[in-house]
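Shown here: input_18.cif, mmCIF, C-alpha atoms.
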```cif
data_data
loop_
_atom_site.label_atom_id
_atom_site.label_comp_id
_atom_site.auth_asym_id
_atom_site.auth_seq_id
_atom_site.Cartn_x
_atom_site.Cartn_y
_atom_site.Cartn_z
CA MET A 1 24.12 -98.54 -116.45
CA THR A 2 24.94 -97.81 -112.80
CA SER A 3 25.39 -100.45 -110.21
CA GLU A 4 22.06 -99.42 -108.68
CA ASP A 5 20.27 -99.94 -111.97
CA GLU A 6 21.92 -103.33 -112.31
CA LEU A 7 20.78 -104.26 -108.81
CA VAL A 8 17.26 -103.11 -109.67
CA ARG A 9 17.28 -105.24 -112.78
CA GLN A 10 18.45 -108.27 -110.81
CA ALA A 11 15.88 -107.64 -108.11
CA GLN A 12 13.15 -107.35 -110.73
CA ALA A 13 14.22 -110.78 -111.91
CA GLY A 14 13.57 -112.11 -108.41
CA ASP A 15 17.01 -111.84 -106.86
CA THR A 16 16.32 -111.26 -103.17
CA ASP A 17 19.96 -110.65 -102.33
CA ALA A 18 20.18 -107.89 -104.92
CA PHE A 19 17.11 -106.29 -103.41
CA CYS A 20 18.64 -106.52 -99.94
CA LEU A 21 21.70 -104.69 -101.22
CA LEU A 22 19.45 -101.98 -102.60
CA ALA A 23 17.63 -101.79 -99.28
CA GLN A 24 20.90 -101.38 -97.40
CA ALA A 25 21.62 -98.21 -99.35
CA TYR A 26 18.43 -96.49 -98.18
CA GLU A 27 17.43 -98.36 -95.02
CA ARG A 28 18.63 -95.64 -92.64
CA ARG A 29 16.78 -92.85 -94.40
CA ILE A 30 13.56 -94.83 -94.59
CA TYR A 31 13.84 -96.03 -91.00
CA SER A 32 14.69 -92.54 -89.79
CA LEU A 33 11.62 -91.12 -91.50
CA ALA A 34 9.48 -93.87 -90.00
CA LEU A 35 10.95 -93.35 -86.55
CA HIS A 36 10.38 -89.61 -86.51
CA TYR A 37 6.92 -90.03 -87.95
CA SER A 38 5.71 -92.81 -85.67
CA ARG A 39 7.86 -91.92 -82.63
CA GLU A 40 7.96 -95.60 -81.63
CA ARG A 41 10.80 -97.97 -82.41
CA GLN A 42 8.60 -100.97 -82.99
CA ASP A 43 6.24 -99.03 -85.22
CA ALA A 44 9.21 -97.61 -87.11
CA GLU A 45 10.56 -101.09 -87.80
CA ASP A 46 7.16 -102.39 -88.84
CA LEU A 47 6.57 -99.40 -91.09
CA SER A 48 9.97 -99.41 -92.73
CA GLN A 49 9.90 -103.15 -93.38
CA GLU A 50 6.41 -102.82 -94.81
CA VAL A 51 7.85 -100.23 -97.19
CA TRP A 52 10.52 -102.68 -98.33
CA LEU A 53 8.05 -105.51 -98.78
CA LYS A 54 5.76 -103.32 -100.86
CA ALA A 55 8.69 -102.04 -102.87
CA TYR A 56 9.81 -105.58 -103.55
CA ALA A 57 6.31 -106.61 -104.62
CA ALA A 58 5.96 -103.57 -106.90
CA LEU A 59 9.49 -103.45 -108.22
CA SER A 60 8.39 -104.71 -111.61
CA THR A 61 6.42 -101.46 -112.05
CA PHE A 62 9.52 -99.29 -111.56
CA ARG A 63 10.23 -97.69 -114.97
CA TYR A 64 13.28 -95.55 -114.17
CA GLU A 65 11.19 -92.39 -114.68
CA SER A 66 12.48 -91.07 -111.38
CA SER A 67 15.28 -92.02 -109.06
CA LEU A 68 14.83 -95.17 -107.04
CA TYR A 69 14.75 -93.21 -103.81
CA THR A 70 11.99 -90.91 -105.10
CA TRP A 71 10.00 -94.00 -106.01
CA LEU A 72 10.71 -95.54 -102.59
CA ARG A 73 9.68 -92.32 -100.86
CA GLN A 74 6.30 -92.41 -102.59
CA ILE A 75 5.75 -95.92 -101.25
CA THR A 76 6.89 -94.74 -97.83
CA ILE A 77 4.42 -91.86 -97.77
CA ASN A 78 1.58 -94.16 -98.82
CA CYS A 79 2.53 -96.62 -96.09
CA PHE A 80 2.58 -93.84 -93.51
CA LEU A 81 -0.82 -92.56 -94.56
CA ASN A 82 -2.35 -96.05 -94.51
CA HIS A 83 -0.75 -96.72 -91.15
CA ARG A 84 -2.18 -93.49 -89.76
CA ARG A 85 -5.69 -94.35 -90.95
CA ALA A 86 -5.45 -97.85 -89.52
CA LYS A 87 -4.22 -96.64 -86.15
CA SER A 88 -5.91 -93.26 -86.00
CA TYR A 89 -7.41 -94.08 -82.63
CA ARG A 90 -3.94 -94.45 -81.22
CA TRP A 91 -2.72 -91.09 -82.38
CA HIS A 92 -5.51 -89.36 -80.49
CA HIS A 93 -4.59 -91.07 -77.27
CA GLN A 94 -0.89 -90.56 -77.51
CA THR A 95 0.47 -87.80 -75.39
CA SER A 96 3.55 -85.77 -75.93
CA ASP A 97 5.16 -87.66 -73.07
CA SER A 98 5.35 -90.73 -75.25
CA ALA A 99 8.17 -89.07 -77.15
CA SER A 100 10.51 -90.07 -74.43
CA SER A 101 14.18 -90.49 -74.98
CA GLU A 102 13.97 -94.25 -74.64
CA ASN A 103 12.56 -94.42 -78.16
CA TYR A 104 15.39 -92.32 -79.51
CA ALA A 105 18.91 -93.51 -79.02
CA ILE A 106 21.70 -91.16 -79.94
CA SER A 107 23.87 -92.83 -82.47
CA ASP A 108 27.37 -93.87 -81.62
CA ASP A 109 28.81 -91.06 -83.67
CA ALA A 110 26.97 -88.52 -81.60
CA GLY A 111 27.74 -90.24 -78.34
CA SER A 112 31.39 -91.00 -78.87
CA SER A 113 33.74 -90.72 -75.96
CA ALA A 114 35.52 -87.77 -77.50
CA ARG A 115 32.62 -85.49 -76.71
CA GLY A 116 32.17 -86.41 -73.12
CA LEU A 117 29.24 -87.10 -70.89
CA GLU A 118 28.06 -83.50 -70.61
CA SER A 119 27.85 -83.09 -74.33
CA THR A 120 25.93 -86.36 -74.64
CA LEU A 121 23.42 -85.30 -72.03
CA GLN A 122 22.91 -81.97 -73.74
CA ASN A 123 22.40 -83.75 -77.02
CA HIS A 124 19.89 -86.00 -75.38
CA LEU A 125 18.05 -83.00 -73.99
CA VAL A 126 17.91 -81.24 -77.34
CA VAL A 127 16.80 -84.39 -79.15
CA GLU A 128 14.10 -84.97 -76.58
CA LYS A 129 12.82 -81.42 -76.94
CA VAL A 130 12.74 -81.72 -80.70
CA MET A 131 10.81 -84.98 -80.42
CA GLN A 132 8.39 -83.46 -77.95
CA ALA A 133 7.80 -80.60 -80.33
CA LEU A 134 7.11 -83.05 -83.16
CA ALA A 135 4.80 -84.98 -80.88
CA GLY A 136 2.82 -81.81 -80.29
CA VAL A 137 1.69 -81.49 -83.89
CA THR A 138 -0.64 -83.67 -85.93
CA PRO A 139 0.75 -86.68 -87.83
CA GLN A 140 0.16 -84.90 -91.14
CA GLN A 141 1.95 -81.76 -89.97
CA ARG A 142 4.80 -83.92 -88.71
CA LEU A 143 5.04 -85.78 -92.00
CA ILE A 144 4.99 -82.54 -93.98
CA PHE A 145 7.74 -81.07 -91.83
CA LEU A 146 9.88 -84.18 -92.20
CA LEU A 147 9.40 -84.26 -95.95
CA LYS A 148 10.28 -80.61 -96.23
CA HIS A 149 13.04 -80.33 -93.70
CA GLN A 150 14.64 -83.78 -93.87
CA GLU A 151 13.89 -84.80 -97.43
CA GLY A 152 14.15 -81.37 -99.02
CA MET A 153 10.96 -81.71 -101.02
CA THR A 154 9.29 -78.56 -102.30
CA TYR A 155 5.85 -77.39 -101.18
CA GLU A 156 4.41 -78.42 -104.53
CA GLU A 157 5.92 -81.90 -104.40
CA ILE A 158 4.61 -82.50 -100.90
CA ALA A 159 1.19 -81.16 -101.84
CA LYS A 160 1.07 -83.48 -104.82
CA GLU A 161 2.08 -86.50 -102.75
CA LEU A 162 -0.39 -85.81 -99.95
CA GLY A 163 -3.22 -84.52 -102.10
CA CYS A 164 -3.50 -81.10 -100.50
CA SER A 165 -2.73 -77.53 -101.50
CA PRO A 166 0.73 -75.92 -101.26
CA GLY A 167 -0.81 -73.38 -98.92
CA THR A 168 -1.76 -76.15 -96.51
CA VAL A 169 1.78 -77.51 -96.68
CA LYS A 170 3.20 -74.07 -95.97
CA LYS A 171 0.92 -73.57 -92.97
CA SER A 172 1.79 -77.00 -91.60
CA VAL A 173 5.51 -76.29 -91.84
CA SER A 174 5.01 -72.92 -90.19
CA ARG A 175 3.06 -74.45 -87.28
CA THR A 176 5.63 -77.15 -86.71
CA ILE A 177 8.47 -74.65 -86.71
CA ALA A 178 6.55 -72.48 -84.24
CA LYS A 179 6.17 -75.54 -82.01
CA LEU A 180 9.87 -76.30 -82.29
CA ARG A 181 10.81 -72.73 -81.37
CA GLU A 182 8.44 -72.85 -78.42
CA LYS A 183 9.90 -76.12 -77.13
CA LEU A 184 13.50 -75.11 -77.69
CA GLY A 185 12.93 -71.74 -76.09
CA ALA A 186 14.19 -69.92 -79.15
CA ASN A 187 11.60 -67.18 -78.76
CA GLN A 188 12.58 -66.32 -75.22
CA GLU A 189 16.30 -66.93 -74.89
CA PRO A 190 18.02 -67.29 -78.21
CA GLU A 191 21.45 -66.92 -76.64
CA ASN A 192 20.97 -69.83 -74.23
CA TYR A 193 19.47 -71.93 -76.95
CA MET A 194 22.41 -71.22 -79.23
CA SER A 195 24.89 -72.07 -76.53
CA CYS A 196 23.10 -75.32 -75.85
CA ALA A 197 23.20 -76.17 -79.52
CA ALA A 198 26.79 -75.08 -79.83
CA ALA A 199 27.83 -77.22 -76.86
CA GLY A 200 26.04 -80.23 -78.24
CA ILE A 201 25.25 -81.44 -81.64
CA LEU A 202 26.24 -78.39 -83.60
CA ARG A 203 29.90 -79.22 -83.34
CA MET B 1 10.44 -49.20 -97.30
CA HIS B 2 11.23 -51.90 -94.77
CA ASN B 3 8.29 -53.47 -92.95
CA CYS B 4 9.41 -55.82 -90.16
CA LYS B 5 6.12 -57.75 -90.05
CA LEU B 6 6.07 -58.29 -93.79
CA THR B 7 9.72 -59.26 -93.90
CA ARG B 8 9.37 -61.76 -91.05
CA SER B 9 6.43 -63.44 -92.77
CA SER B 10 8.87 -64.57 -95.46
CA PHE B 11 11.51 -65.89 -93.09
CA ILE B 12 10.44 -69.53 -93.17
CA ASP B 13 10.34 -69.58 -96.96
CA LEU B 14 13.73 -67.91 -97.05
CA ALA B 15 15.26 -70.36 -94.59
CA LEU B 16 13.79 -73.37 -96.41
CA GLY B 17 14.80 -72.15 -99.85
CA GLU B 18 11.24 -71.69 -101.04
CA ILE B 19 11.69 -68.17 -102.35
CA GLU B 20 12.80 -66.71 -105.67
CA PRO B 21 16.46 -65.63 -105.91
CA GLN B 22 15.57 -62.00 -106.59
CA ARG B 23 13.28 -61.77 -103.60
CA ALA B 24 15.85 -63.61 -101.48
CA THR B 25 18.49 -61.02 -102.32
CA GLN B 26 16.08 -58.24 -101.44
CA LEU B 27 15.29 -59.87 -98.11
CA GLN B 28 18.95 -60.33 -97.29
CA ALA B 29 19.52 -56.63 -97.87
CA GLU B 30 16.65 -55.80 -95.52
CA LEU B 31 18.08 -58.13 -92.89
CA ASN B 32 21.40 -56.37 -93.04
CA ASP B 33 19.68 -53.05 -92.40
CA CYS B 34 17.38 -54.20 -89.56
CA PRO B 35 19.17 -55.77 -86.54
CA ALA B 36 15.90 -56.97 -84.98
CA CYS B 37 14.86 -58.81 -88.11
CA HIS B 38 18.38 -60.16 -88.50
CA GLN B 39 18.33 -61.57 -84.98
CA GLU B 40 14.89 -63.09 -85.55
CA TYR B 41 16.02 -64.73 -88.76
CA GLU B 42 19.16 -66.14 -87.18
CA SER B 43 17.06 -67.56 -84.35
CA LEU B 44 14.81 -69.30 -86.87
CA ARG B 45 17.76 -70.69 -88.79
CA SER B 46 19.30 -71.99 -85.58
CA THR B 47 16.07 -73.73 -84.65
CA LEU B 48 15.95 -75.47 -88.00
CA HIS B 49 19.63 -76.39 -87.84
CA VAL B 50 19.37 -77.84 -84.34
CA SER B 51 16.25 -79.80 -85.18
CA SER B 52 17.87 -81.15 -88.31
CA GLN B 53 20.94 -82.29 -86.37
CA ALA B 54 18.76 -83.78 -83.64
CA LEU B 55 16.73 -85.77 -86.14
CA ARG B 56 19.85 -87.08 -87.82
CA SER B 57 21.44 -88.09 -84.56
CA ALA B 58 18.35 -89.90 -83.30
CA VAL B 59 18.89 -93.12 -85.22
CA PRO B 60 19.71 -96.57 -83.91
CA SER B 61 23.28 -97.57 -83.33
CA GLU B 62 25.28 -99.81 -85.65
CA GLU B 63 24.40 -102.94 -83.68
CA PHE B 64 20.79 -102.54 -84.66
CA TRP B 65 21.18 -102.95 -88.41
CA PRO B 66 22.38 -106.58 -88.84
CA GLY B 67 19.32 -107.82 -86.99
CA TYR B 68 17.10 -105.48 -88.96
CA ARG B 69 18.49 -106.84 -92.24
CA THR B 70 18.05 -110.44 -91.12
CA ARG B 71 14.42 -109.83 -90.20
CA LEU B 72 13.81 -108.07 -93.51
CA HIS B 73 15.47 -110.87 -95.47
CA SER B 74 13.33 -113.51 -93.81
CA LYS B 75 10.20 -111.47 -94.47
CA LEU B 76 11.17 -111.10 -98.11
CA LEU B 77 11.66 -114.84 -98.46
CA ALA B 78 8.26 -115.45 -96.90
CA SER B 79 6.50 -112.88 -99.07
CA PRO B 80 4.10 -114.08 -101.82
CA THR B 81 6.16 -112.26 -104.45
CA GLN B 82 9.19 -114.32 -103.61
CA GLN B 83 7.10 -117.49 -103.69
CA VAL B 84 5.92 -116.55 -107.18
CA ALA B 85 9.49 -115.93 -108.31
CA SER B 86 10.60 -119.28 -106.92
CA ALA B 87 7.73 -121.04 -108.62
CA GLY B 88 8.64 -119.34 -111.88
CA GLU B 89 12.11 -120.82 -111.75
CA ARG B 90 10.77 -124.35 -111.55
CA PRO B 91 9.47 -125.68 -114.87
CA SER B 92 6.49 -127.33 -113.24
CA ALA B 93 2.97 -127.58 -114.57
CA SER B 94 1.53 -126.03 -111.45
CA SER B 95 3.36 -122.72 -111.91
CA ALA B 96 0.37 -121.12 -113.61
CA THR B 97 -1.88 -122.15 -110.73
CA VAL B 98 0.57 -120.79 -108.19
CA SER B 99 0.85 -117.53 -110.11
CA LEU B 100 -2.91 -117.20 -110.28
CA GLY B 101 -3.20 -117.99 -106.58
CA SER B 102 -0.58 -115.47 -105.62
CA GLN B 103 -2.18 -112.83 -107.81
CA LEU B 104 -5.50 -113.57 -106.16
CA TRP B 105 -3.82 -113.37 -102.77
CA LEU B 106 -2.25 -110.03 -103.68
CA ALA B 107 -5.57 -108.70 -104.94
CA LEU B 108 -7.35 -109.82 -101.77
CA ARG B 109 -4.65 -108.29 -99.61
CA THR B 110 -4.85 -105.04 -101.51
CA LEU B 111 -8.61 -105.07 -101.18
CA ALA B 112 -8.38 -105.76 -97.46
CA THR B 113 -5.85 -103.04 -96.79
CA THR B 114 -7.30 -100.39 -99.06
CA SER B 115 -9.31 -97.74 -97.28
CA VAL B 116 -11.58 -95.06 -98.64
CA ARG B 117 -12.22 -91.76 -96.96
CA VAL B 118 -15.93 -91.18 -96.37
CA PRO B 119 -17.19 -88.00 -94.69
CA VAL B 120 -19.00 -88.67 -91.42
CA PRO B 121 -22.33 -87.06 -92.54
CA ALA B 122 -22.34 -89.16 -95.69
CA ALA B 123 -21.61 -92.31 -93.69
CA LEU B 124 -24.40 -91.51 -91.24
CA ALA B 125 -26.83 -90.83 -94.09
CA LEU B 126 -25.91 -94.15 -95.71
CA LEU B 127 -26.43 -95.97 -92.43
CA LEU B 128 -29.78 -94.27 -91.95
CA VAL B 129 -30.95 -95.18 -95.44
CA PHE B 130 -29.83 -98.76 -94.94
CA GLY B 131 -31.64 -98.97 -91.61
CA VAL B 132 -34.88 -97.58 -93.08
CA PHE B 133 -34.61 -99.97 -96.01
CA VAL B 134 -34.20 -102.98 -93.73
CA PHE B 135 -37.07 -101.82 -91.52
CA VAL B 136 -39.44 -101.34 -94.47
CA LEU B 137 -38.45 -104.68 -95.96
CA ARG B 138 -39.16 -106.53 -92.73
CA ALA B 139 -42.43 -104.70 -92.22
CA ARG B 140 -43.57 -105.67 -95.73
CA GLU B 141 -42.65 -109.28 -95.17
CA GLN B 142 -44.69 -109.39 -91.99
CA VAL B 143 -47.78 -107.80 -93.59
CA GLN B 144 -47.86 -109.35 -97.03
CA ALA B 145 -46.52 -112.83 -96.46
CA PRO B 146 -49.40 -115.29 -97.19
CA PRO B 147 -49.32 -118.70 -95.56
CA ALA B 148 -47.73 -121.35 -97.68
CA PRO B 149 -50.13 -123.86 -99.26
CA GLY B 150 -48.70 -126.80 -97.45
CA GLU B 151 -48.28 -124.99 -94.21
CA LEU B 152 -50.18 -126.51 -91.27
CA VAL B 153 -52.58 -124.05 -89.67
CA ARG B 154 -53.29 -124.81 -86.07
CA THR B 155 -56.39 -123.33 -84.46
CA ASN B 156 -56.85 -123.08 -80.74
CA THR B 157 -60.25 -122.43 -79.18
CA VAL B 158 -60.11 -120.37 -76.09
CA GLU B 159 -63.16 -120.13 -73.81
CA VAL B 160 -63.56 -116.75 -72.30
CA PRO B 161 -66.00 -116.56 -69.34
CA VAL B 162 -68.58 -113.82 -69.81
CA ILE B 163 -70.57 -112.53 -66.85
CA GLN B 164 -74.22 -112.34 -67.76
CA GLU B 165 -76.37 -110.01 -65.73
CA LYS B 166 -79.89 -111.03 -64.84
CA ILE B 167 -82.27 -108.20 -64.19
CA ILE B 168 -85.12 -109.04 -61.92
CA THR B 169 -88.01 -106.68 -61.55
CA ARG B 170 -90.50 -107.05 -58.79
CA VAL B 171 -93.30 -105.04 -57.39
CA VAL B 172 -93.83 -105.08 -53.71
CA TYR B 173 -97.03 -103.93 -52.14
CA VAL B 174 -96.94 -103.24 -48.54
CA GLU B 175 -100.28 -103.72 -46.86
CA LYS B 176 -101.32 -104.68 -43.44
CA LYS B 177 -103.68 -107.33 -44.71
CA GLY B 178 -102.38 -110.81 -44.46
CA ARG B 179 -103.80 -111.76 -47.79
CA ARG B 180 -101.62 -109.25 -49.55
CA SER B 181 -98.56 -110.33 -47.66
CA ALA B 182 -99.14 -113.91 -48.52
CA SER B 183 -99.48 -113.08 -52.18
CA ASP B 184 -96.21 -111.18 -51.98
CA ALA B 185 -94.54 -114.16 -50.45
CA ASN B 186 -95.88 -116.33 -53.24
CA GLN B 187 -94.52 -113.91 -55.82
CA SER B 188 -91.18 -113.99 -54.11
CA ASP B 189 -91.16 -117.72 -54.42
CA ARG B 190 -91.89 -117.49 -58.10
CA THR B 191 -89.14 -115.02 -58.88
CA GLY B 192 -86.63 -116.55 -56.54
CA VAL B 193 -86.06 -113.26 -54.79
CA PRO B 194 -86.79 -113.02 -51.10
CA ALA B 195 -89.46 -110.62 -49.98
CA ALA B 196 -88.64 -107.17 -48.83
CA PRO B 197 -87.69 -106.78 -45.19
CA ASN B 198 -90.70 -104.62 -44.45
CA THR B 199 -93.06 -107.29 -45.74
CA VAL B 200 -94.79 -108.98 -42.88
CA ALA B 201 -95.98 -112.53 -43.51
CA VAL B 202 -98.59 -113.36 -40.97
CA THR B 203 -100.22 -116.38 -42.44
CA GLY B 204 -97.44 -117.77 -44.64
CA SER B 205 -97.01 -121.49 -44.51
CA ASP B 206 -93.31 -121.39 -45.30
CA PRO B 207 -91.46 -120.80 -42.04
CA ALA B 208 -88.39 -119.63 -43.95
CA THR B 209 -90.22 -116.71 -45.46
CA ALA B 210 -92.04 -115.71 -42.25
CA LEU B 211 -90.52 -112.85 -40.37
CA SER B 212 -90.06 -112.99 -36.68
CA LEU B 213 -92.36 -110.82 -34.55
CA VAL B 214 -90.06 -110.73 -31.60
CA GLY B 215 -89.86 -107.25 -30.21
CA PHE B 216 -92.85 -106.10 -32.18
CA LYS B 217 -94.91 -103.49 -30.32
CA PRO B 218 -98.27 -102.49 -31.71
CA THR B 219 -99.02 -98.80 -31.53
CA ASN B 220 -101.89 -97.39 -29.65
CA GLU B 221 -103.11 -95.34 -32.50
CA VAL B 222 -104.15 -97.07 -35.63
CA LYS B 223 -104.27 -95.05 -38.75
CA LEU B 224 -106.35 -96.60 -41.42
CA THR B 225 -105.48 -95.93 -45.01
CA ILE B 226 -107.89 -97.04 -47.62
CA ILE B 227 -106.26 -97.93 -50.91
CA LYS B 228 -108.58 -98.30 -53.76
CA GLY B 229 -107.97 -101.13 -56.10
CA SER B 230 -105.96 -104.28 -55.60
CA TYR B 231 -102.96 -106.08 -56.98
CA LYS B 232 -105.22 -107.75 -59.52
CA ASP B 233 -105.63 -104.38 -61.19
CA GLU B 234 -101.87 -104.27 -61.72
CA LYS B 235 -101.87 -107.64 -63.42
CA ARG B 236 -104.35 -106.49 -65.93
#
```
Taking this structure as input, can you express it in the form of structure tokens?
Amino acid sequence: MTSEDELVRQAQAGDTDAFCLLAQAYERRIYSLALHYSRERQDAEDLSQEVWLKAYAALSTFRYESSLYTWLRQITINCFLNHRRAKSYRWHHQTSDSASSENYAISDDAGSSARGLESTLQNHLVVEKVMQALAGVTPQQRLIFLLKHQEGMTYEEIAKELGCSPGTVKKSVSRTIAKLREKLGANQEPENYMSCAAAGILR
Amino acid sequence: MHNCKLTRSSFIDLALGEIEPQRATQLQAELNDCPACHQEYESLRSTLHVSSQALRSAVPSEEFWPGYRTRLHSKLLASPTQQVASAGERPSASSATVSLGSQLWLALRTLATTSVRVPVPAALALLLVFGVFVFVLRAREQVQAPPAPGELVRTNTVEVPVIQEKIITRVVYVEKKGRRSASDANQSDRTGVPAAPNTVAVTGSDPATALSLVGFKPTNEVKLTIIKGSYKDEKR
């Protein structure tokens, strides 16, 4: 039995500290998904903590049929979908400008002094463009792209989770990538784009 | 034979690993032979790589996480599940009640937060049916509801003034003889209607009914008209 399984067993018995240790292992991935999906820090925190609360409440139903993270990701997707339905009015009124850099802080690793100010600014610019591109697609398209590109899920897995066809998933990914290429200028000037990436976060 | 359009349509699947190994090898061979397709594919891969790096770098700094964990811990302690677990540890008699209450709370919360997708036309049709049902129900209540046996019925009598017309018929004979004029005046008295203006009362005793002769000028020529019969013939 791994240490994770032992922590799960303790958490199922009501040990909050054991559950907090489990949460620490995946908190960044869940929060990152929530942040890129909601594009707001406060919403990301609310969403990710809602995921943990639901996971804690439903932990007794976890049967080890999949990995803990797969099980957590299912809860995360459900939370995102419920959140989108509850706040659907807000999505319609949000503009792409709301994906400003103030909601996305470059981590300390990316902004370390070794890279210098110019590199940090270029990183900031690239991150902002990526976020603007993600803001330009629908929440479902954004979620599908994140699940595919960040989580590495297959088209079939995503389709099963979201209740749509693999063809829809494929089209959504294609549209989001087209938006990204448009925002990053990859269609017009691939050389400049590559140099920007090479000078920044591709190191 | 290489078809650039067909090859490029598979680029996303190739870059995301959603293609069979055999087809992937075939595509790689085509990319090596076509510089334009190769450049296009590299551009796509770079886009995905940059976006992936950007997403990974856009996370909060290390200072963020202790506070996040503290907030999560306090929420976990305040959650109903934790309260149930704590109650289960105590060997009290009220644990079953607490468990039932928390289960009820969880069920209510699930019910309150569960949403169902309903197509807009179906929702509108349901609303319409509900509205018609309520309208018909209210209309029936208004028409068919008999007064209760013990209900006090209050009756108000309202007087509405009705204008009654009185038709008065009179016959006026115009003659130069005073006798006829006097009889006309008498008839006027009986009916209550004053005599016609062209009636001349010469010998009437009532000064109110007598007409004034001021300004009267007799003509020089007198034309006599003999009328056979009299007013007595009319009475018969």
(message) Residues of chain B were defined as contacting chain A if any atom lay at most 9 Å from it, counting only C-alpha atoms; please report them as number ranges by chain.
(response) B: 12-13, 16-18, 39-40, 43-44, 46-62, 65, 68-69, 71-73, 75-77, 79-82, 84-86, 113-115
(request) Given the file shown, determine the residues that the PyMOL selection byres ((chain A and resi 156) around 10) selects; report them as a PyMOL selection string. (result) chain A and resi 153-155+157-162+164-167+169-170
(request) In Å, rounded to a single decimal, give me how far CA of Val143 in chain B is from CA of Val129 in chain B. (result)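 So the two atoms, CA of Val129 in chain B and CA of Val143 in chain B, lie 21.1 Å apart.
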(message) Here's the selection I'm unsure about, the PyMOL selection byres ((chain B and resi 30) around 12); applied to the file above, which residues does it give, as a PyMOL selection string?
(response) chain B and resi 1-4+6-8+10-11+23-29+31-38+41
File of the preceding selection, C-alpha atoms, as a PDB file, in the coordinates of the input:
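Listing of again28.pdb after writing:
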```
ATOM      1  CA  MET B   1      10.440 -49.200 -97.300  1.00  0.00           C
ATOM      2  CA  HIS B   2      11.230 -51.900 -94.770  1.00  0.00           C
ATOM      3  CA  ASN B   3       8.290 -53.470 -92.950  1.00  0.00           C
ATOM      4  CA  CYS B   4       9.410 -55.820 -90.160  1.00  0.00           C
ATOM      5  CA  LEU B   6       6.070 -58.290 -93.790  1.00  0.00           C
ATOM      6  CA  THR B   7       9.720 -59.260 -93.900  1.00  0.00           C
ATOM      7  CA  ARG B   8       9.370 -61.760 -91.050  1.00  0.00           C
ATOM      8  CA  SER B  10       8.870 -64.570 -95.460  1.00  0.00           C
ATOM      9  CA  PHE B  11      11.510 -65.890 -93.090  1.00  0.00           C
ATOM     10  CA  ARG B  23      13.280 -61.770-103.600  1.00  0.00           C
ATOM     11  CA  ALA B  24      15.850 -63.610-101.480  1.00  0.00           C
ATOM     12  CA  THR B  25      18.490 -61.020-102.320  1.00  0.00           C
ATOM     13  CA  GLN B  26      16.080 -58.240-101.440  1.00  0.00           C
ATOM     14  CA  LEU B  27      15.290 -59.870 -98.110  1.00  0.00           C
ATOM     15  CA  GLN B  28      18.950 -60.330 -97.290  1.00  0.00           C
ATOM     16  CA  ALA B  29      19.520 -56.630 -97.870  1.00  0.00           C
ATOM     17  CA  LEU B  31      18.080 -58.130 -92.890  1.00  0.00           C
ATOM     18  CA  ASN B  32      21.400 -56.370 -93.040  1.00  0.00           C
ATOM     19  CA  ASP B  33      19.680 -53.050 -92.400  1.00  0.00           C
ATOM     20  CA  CYS B  34      17.380 -54.200 -89.560  1.00  0.00           C
ATOM     21  CA  PRO B  35      19.170 -55.770 -86.540  1.00  0.00           C
ATOM     22  CA  ALA B  36      15.900 -56.970 -84.980  1.00  0.00           C
ATOM     23  CA  CYS B  37      14.860 -58.810 -88.110  1.00  0.00           C
ATOM     24  CA  HIS B  38      18.380 -60.160 -88.500  1.00  0.00           C
ATOM     25  CA  TYR B  41      16.020 -64.730 -88.760  1.00  0.00           C
TER      26      TYR B  41
END
```
(request) Would you kindly translate the PyMOL selection byres ((chain A and resi 8) around 9) into the concrete residues it picks from this file, as a PyMOL selection string? (result) chain A and resi 3-7+9-13+18-19+22+59+62+68
Using only C-alpha atoms, please write the residues we just selected to a file, as an mmCIF file, in the coordinates of the input.
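Result file part.cif:
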```cif
data_model
loop_
_atom_site.group_PDB
_atom_site.id
_atom_site.type_symbol
_atom_site.label_atom_id
_atom_site.label_comp_id
_atom_site.auth_asym_id
_atom_site.auth_seq_id
_atom_site.Cartn_x
_atom_site.Cartn_y
_atom_site.Cartn_z
ATOM 1 C CA SER A 3 25.390 -100.450 -110.210
ATOM 2 C CA GLU A 4 22.060 -99.420 -108.680
ATOM 3 C CA ASP A 5 20.270 -99.940 -111.970
ATOM 4 C CA GLU A 6 21.920 -103.330 -112.310
ATOM 5 C CA LEU A 7 20.780 -104.260 -108.810
ATOM 6 C CA ARG A 9 17.280 -105.240 -112.780
ATOM 7 C CA GLN A 10 18.450 -108.270 -110.810
ATOM 8 C CA ALA A 11 15.880 -107.640 -108.110
ATOM 9 C CA GLN A 12 13.150 -107.350 -110.730
ATOM 10 C CA ALA A 13 14.220 -110.780 -111.910
ATOM 11 C CA ALA A 18 20.180 -107.890 -104.920
ATOM 12 C CA PHE A 19 17.110 -106.290 -103.410
ATOM 13 C CA LEU A 22 19.450 -101.980 -102.600
ATOM 14 C CA LEU A 59 9.490 -103.450 -108.220
ATOM 15 C CA PHE A 62 9.520 -99.290 -111.560
ATOM 16 C CA LEU A 68 14.830 -95.170 -107.040
#
```
(request) Quick one: pull the distance between CA of Val137 in chain A and CA of Tyr37 in chain A, Å, one decimal. (result)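 Computing the Euclidean distance for CA of Val137 in chain A and CA of Tyr37 in chain A yields 10.8 Å.
Our summary of the geometry notes that CA of Tyr26 in chain A is positioned 14.1 Å from CA of Leu47 in chain A.
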(request) Rank A:Thr176, A:Thr70, A:Thr76, A:Thr168 by their smallest atom-to-atom distance to Gln132 in chain A, using all atoms listed in the file, and report the top residue only. (result)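 Closest residue, counting all atoms listed in the file: A:Thr176.
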(message) Which residue is closest to Ala55 in chain A? Choose from A:Trp71, A:Glu40, A:Arg175, A:Leu81 and count all atoms listed in the file.
(response) A:Trp71
